[in-house]
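Student: My structure is below; once you've seen it, I'll send some questions.
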2 protein chains.
Amino acid sequence: VPVLPHFDRLCVVLVSTRNPLNIGAAARAMSNLGFSDLRVVNPFEASFREARSAVGAAPLLKRAKEFKSVADAIADCSLVVGTTAAHNRELHQPLKPLPQAGQLILKRLSASRVALLFGSEKRGLSNFDLSYCHWLLRIPTREEHGSMNLGQAVAVCLYELARTAHGGKQANILPERQKDAHRPASAGELDRVTGLLLEALRASGYLGRDVAAKEEKVRRIVRRLDLSVADAEVWLGMLRQIAWKLSPKT
Amino acid sequence: VPVLPHFDRLCVVLVSTRNPLNIGAAARAMSNLGFSDLRVVNPFEASFREARSAVGAAPLLKRAKEFKSVADAIADCSLVVGTTAAHNRELHQPLKPLPQAGQLILKRLSASRVALLFGSEKRGLSNFDLSYCHWLLRIPTREEHGSMNLGQAVAVCLYELARTAHGGKQANILPERQKDAHRPASAGELDRVTGLLLEALRASGYLGRDVAAKEEKVRRIVRRLDLSVADAEVWLGMLRQIAWKLSPKT
């Protein structure tokens with residue numbers, strides 16, 4: 001999956017994050033999905049330092065910038081989007097569900113920088129933080145349990161952006177070699193499978209009387225297996241051995 | 001956001017999870033997005049107990065079931081999907097990107113139970129675990145950093161299911177209950193087919209040396225048959241007869 005060039009224009013902004021594990025998780029999801037610009041505003045106590053010094057901290061985390069205010073962190077962005085569970089709260093900005101929000105963010109990224117804000121684990125973004133946002137984004141969660149874990153919310157938002165951006169172009173992630181093996185078996189190959197299966201069933205006594213009807217049934221059931229070329233080969237090998245073992249030895 | 005009725009048919013199966021925080025994170029994402037059936041296979045040391053006793057553990061976590069093997073955990077599911085970063089690894093099952101996989105899982109959920117497997121933080125799912133899977137799912141991450149955090153991977157997969165389900169308004173157009181015969185076979189039924197086939201192959205001399213690898217191969221190839229309940233019955237009858245005929249008579 002190639003990284004899209006304008007993904008580096010998305011700024012993930014973590015505001016007042018308390019838990020260093022969540023800063024690390026956000027960085028990891030960004031790296032997984034092809035984003036690179038992490039910004040941190042007033043992290044709780046030493047959590048930013050701790051996250052940075054964690055073993056295996058991604059280079060991304062080392063490049064992350066720290067800011068004293070939301071205003072400073074987003075100064076170079078032309079669109080600022082806040083994330084919220086929108087629970088028990090009066091909102092003063094338009095609220096869009098993630099799939100729709102993703103399309104709008106992508107469109108803007110093709111022209112300029114966009115900031116995506118995530119609030120603290122306990123309280124989310126404050127009304128003061130939200131006042132810097134053009135509009136708000138909500139991940140469609142259940143009413144009864146709307147508030148997501150911070151690292152997971154970051155991952156879901158970035159996945160949605162990556163999914164929408166790549167559109168239908170990521171469908172083909174199979175190596176050539178695998179594609180070949182998954183080619184469907186030909187009628188001739190299916191006939192050979194059927195023939196050997198019938199031979200084994202005949203020798204085992206399964207066919208009994210009314211052989212013709214049983215044979216048709218077996219032919220149909222083999223067609224329904226929807227075998228690939230590679231799997232048909234394996235079945236032929238297994239059935240050949242079974243049929244041989246069942247055949248009367250002279 | 002209403003919970004869709006068939007979401008309770010999705011079984012999230014965590015295999016050999018090491019970190020209790022990740023079990024908790026998986027449970028939280030399930031609760032956020034409307035899923036309820038969490039199953040845990042051989043969690044590392046005391047991590048399941050620890051996750052369960054954690055402050056704020058959701059009721060969902062308390063209802064989670066523990067299993068000794070993947071086979072037991074998925075026995076009542078008719079579709080078993082493994083998640084993988086597919087990195088530096090030869091895969092024996094078809095691999096589908098998440099958006100496409102989500103549609104297939106949703107379709108199957110309207111008729112029967114589906115298991116979605118997540119492996120351990122260090123190694124993911126083993127080849128043995130994967131041999132129980134009908135096919136594999138990959139979250140489209142960067143080649144250079146493909147492996148996601150476990151809790152984030154669960155959240156992203158479930159978000160995709162919720163998004164797709166609500167997006168198409170599938171809640172209101174649930175397909176009618178399929179006829180019993182065309183219902184897909186359960187993992188338990190597939191296990192019986194596999195068992196009889198292995199018995200026949202063993203008696204025929206097909207397994208030879210390296211029995212474990214051959215057995216895994218057979219398990220995978222049976223999963224790929226995509227059998228219905230009715231066809232599984234027919235196969236059981238045929239294989240039973242063949243295995244009986246091959247067995248040494250006293």
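FYI, nothing fancy with the structure tokens labels: chains A, B, ... in order, residues from 1 per chain, ligands from 1 as they appear.
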At a cut-off of 7 Å, list the chain A residues touching chain B, using only C-alpha atoms, as a PyMOL selection string.
Tutor: chain A and resi 1-2+29+31-34+140-143+145-146+148+151-152+155-156+159+171+174+201+204+206+225-227+231+238+241-242+245-246
Student: Extract the full set of helix (DSSP H, G or I) residues from segment 9-249 of chain B according to DSSP on the backbone, and format it as a PyMOL selection string.
Tutor: chain B and resi 9+20-33+47-53+59-63+70-74+98-109+127-130+150-167+170-173+180-182+187-204+211-223+229-246
Student: At a cut-off of 8 Å, using only C-alpha atoms, what residues contact Arg113 of chain B? Leave out same-chain residues fewer than 2 positions from it and give the result as a list in words.
Tutor: Arg9, Leu10, Cys11, Asp76, Cys77, Ser78, Leu79, Arg108, Leu109, Ala111 and Ala115 of chain B
Student: So that I have them on file, write out the residues from the current selection with N, CA, C and O atoms, as an mmCIF file, in the first residue's frame.
Tutor:
```
data_model
loop_
_atom_site.group_PDB
_atom_site.id
_atom_site.type_symbol
_atom_site.label_atom_id
_atom_site.label_comp_id
_atom_site.auth_asym_id
_atom_site.auth_seq_id
_atom_site.Cartn_x
_atom_site.Cartn_y
_atom_site.Cartn_z
ATOM 1 N N ARG B 9 -23.816 -11.859 16.521
ATOM 2 C CA ARG B 9 -23.329 -13.120 15.950
ATOM 3 C C ARG B 9 -21.833 -13.061 15.638
ATOM 4 O O ARG B 9 -21.255 -14.062 15.222
ATOM 5 N N LEU B 10 -21.220 -11.895 15.788
ATOM 6 C CA LEU B 10 -19.782 -11.826 15.539
ATOM 7 C C LEU B 10 -19.013 -12.179 16.805
ATOM 8 O O LEU B 10 -19.224 -11.572 17.857
ATOM 9 N N CYS B 11 -18.134 -13.172 16.708
ATOM 10 C CA CYS B 11 -17.319 -13.579 17.848
ATOM 11 C C CYS B 11 -15.907 -13.039 17.640
ATOM 12 O O CYS B 11 -15.231 -13.427 16.694
ATOM 13 N N ASP B 76 -18.893 -23.174 16.889
ATOM 14 C CA ASP B 76 -20.267 -22.849 16.468
ATOM 15 C C ASP B 76 -20.314 -21.782 15.372
ATOM 16 O O ASP B 76 -21.377 -21.245 15.078
ATOM 17 N N CYS B 77 -19.171 -21.472 14.759
ATOM 18 C CA CYS B 77 -19.120 -20.434 13.723
ATOM 19 C C CYS B 77 -19.026 -21.068 12.334
ATOM 20 O O CYS B 77 -18.334 -22.063 12.158
ATOM 21 N N SER B 78 -19.704 -20.486 11.366
ATOM 22 C CA SER B 78 -19.683 -21.067 10.019
ATOM 23 C C SER B 78 -18.646 -20.385 9.126
ATOM 24 O O SER B 78 -18.362 -20.844 8.033
ATOM 25 N N LEU B 79 -18.115 -19.266 9.595
ATOM 26 C CA LEU B 79 -17.038 -18.600 8.853
ATOM 27 C C LEU B 79 -15.983 -18.176 9.864
ATOM 28 O O LEU B 79 -16.315 -17.568 10.887
ATOM 29 N N ARG B 108 -22.372 -12.828 5.755
ATOM 30 C CA ARG B 108 -22.483 -14.100 6.448
ATOM 31 C C ARG B 108 -23.168 -13.943 7.809
ATOM 32 O O ARG B 108 -23.894 -14.834 8.261
ATOM 33 N N LEU B 109 -22.944 -12.812 8.458
ATOM 34 C CA LEU B 109 -23.548 -12.570 9.781
ATOM 35 C C LEU B 109 -25.074 -12.581 9.722
ATOM 36 O O LEU B 109 -25.737 -12.883 10.708
ATOM 37 N N ALA B 111 -26.800 -14.668 8.356
ATOM 38 C CA ALA B 111 -27.282 -16.050 8.394
ATOM 39 C C ALA B 111 -26.742 -16.841 9.577
ATOM 40 O O ALA B 111 -27.423 -17.690 10.137
ATOM 41 N N ALA B 115 -16.472 -15.966 13.253
ATOM 42 C CA ALA B 115 -15.375 -15.726 14.191
ATOM 43 C C ALA B 115 -14.315 -14.858 13.529
ATOM 44 O O ALA B 115 -13.932 -15.098 12.390
#
```
Student: Can you tell me, as a list in words, what residues are no more than 10 Å from Asp72 of chain B when counting only C-alpha atoms, ignoring any on the same chain fewer than 3 positions away?
Tutor: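 The residues satisfying every condition are Val41, Glu66, Phe67, Lys68, Ser69, Ala75, Asp76, Ala187 and Gly188 of chain B.
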Student: DSSP on the backbone, then: every residue of segment 25-245 of chain B marked strand (DSSP E), written as a list in words.
Tutor: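 Going through segment 25-245 of chain B, the strand (DSSP E) residues come out as Asp37, Leu38, Arg39, Val40, Val41, Lys65, Glu66, Phe67, Leu79, Val80, Val81, Gly82, Thr83, Leu95, Lys96, Pro97, Val114, Ala115, Leu116, Leu117, Phe118, Trp135, Leu136, Leu137 and Arg138 of chain B.
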Student: Using C-alpha atoms, can you write the selected residues to a file as a short mmCIF file (atom, residue, chain, number, x, y, z; two decimals), in the first residue's frame?
Tutor:
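What follows is the written file selection.cif:
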```cif
data_model
loop_
_atom_site.label_atom_id
_atom_site.label_comp_id
_atom_site.auth_asym_id
_atom_site.auth_seq_id
_atom_site.Cartn_x
_atom_site.Cartn_y
_atom_site.Cartn_z
CA ASP B 37 -19.34 -11.84 22.04
CA LEU B 38 -15.71 -11.85 23.22
CA ARG B 39 -13.79 -15.14 23.38
CA VAL B 40 -10.29 -15.63 24.67
CA VAL B 41 -8.02 -18.59 23.84
CA LYS B 65 -15.56 -16.91 27.60
CA GLU B 66 -12.18 -18.60 27.90
CA PHE B 67 -11.18 -21.57 25.74
CA LEU B 79 -17.04 -18.60 8.85
CA VAL B 80 -13.64 -18.20 10.50
CA VAL B 81 -11.54 -15.19 9.45
CA GLY B 82 -7.95 -14.64 10.61
CA THR B 83 -6.32 -11.22 10.78
CA LEU B 95 -6.09 -12.73 1.63
CA LYS B 96 -8.68 -9.94 1.42
CA PRO B 97 -8.27 -6.24 2.25
CA VAL B 114 -18.66 -15.55 12.26
CA ALA B 115 -15.37 -15.73 14.19
CA LEU B 116 -12.79 -12.97 13.76
CA LEU B 117 -9.39 -14.12 15.08
CA PHE B 118 -6.61 -11.88 16.40
CA TRP B 135 -9.63 -16.85 4.63
CA LEU B 136 -7.55 -13.99 5.98
CA LEU B 137 -8.12 -10.28 6.37
CA ARG B 138 -5.51 -7.54 6.15
#
```
Student: May I ask for the distance between atom CA of Arg63 of chain B and atom CA of Phe48 of chain B, given in Å to one decimal place?
Tutor: 12.0 Å
Student: Grab the atom CA of Leu236 of chain B to atom CA of Gly208 of chain B distance for me, in Å with one decimal place.
Tutor: 23.2 Å
Student: Can you tell me, as an NGL selection string, what residues are no more than 7 Å from Glu121 of chain B when counting only C-alpha atoms, ignoring any on the same chain fewer than 3 positions away?
Tutor: :B and (17-18 or 124 or 150)
Student: Between A:Ser120, A:Ala165, A:Ala73, A:Ala85, which has the minimum distance to Phe44 of chain A (counting only C-alpha atoms)?
Tutor: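 Once distances to Phe44 of chain A are computed over only C-alpha atoms, the minimum belongs to A:Ser120.
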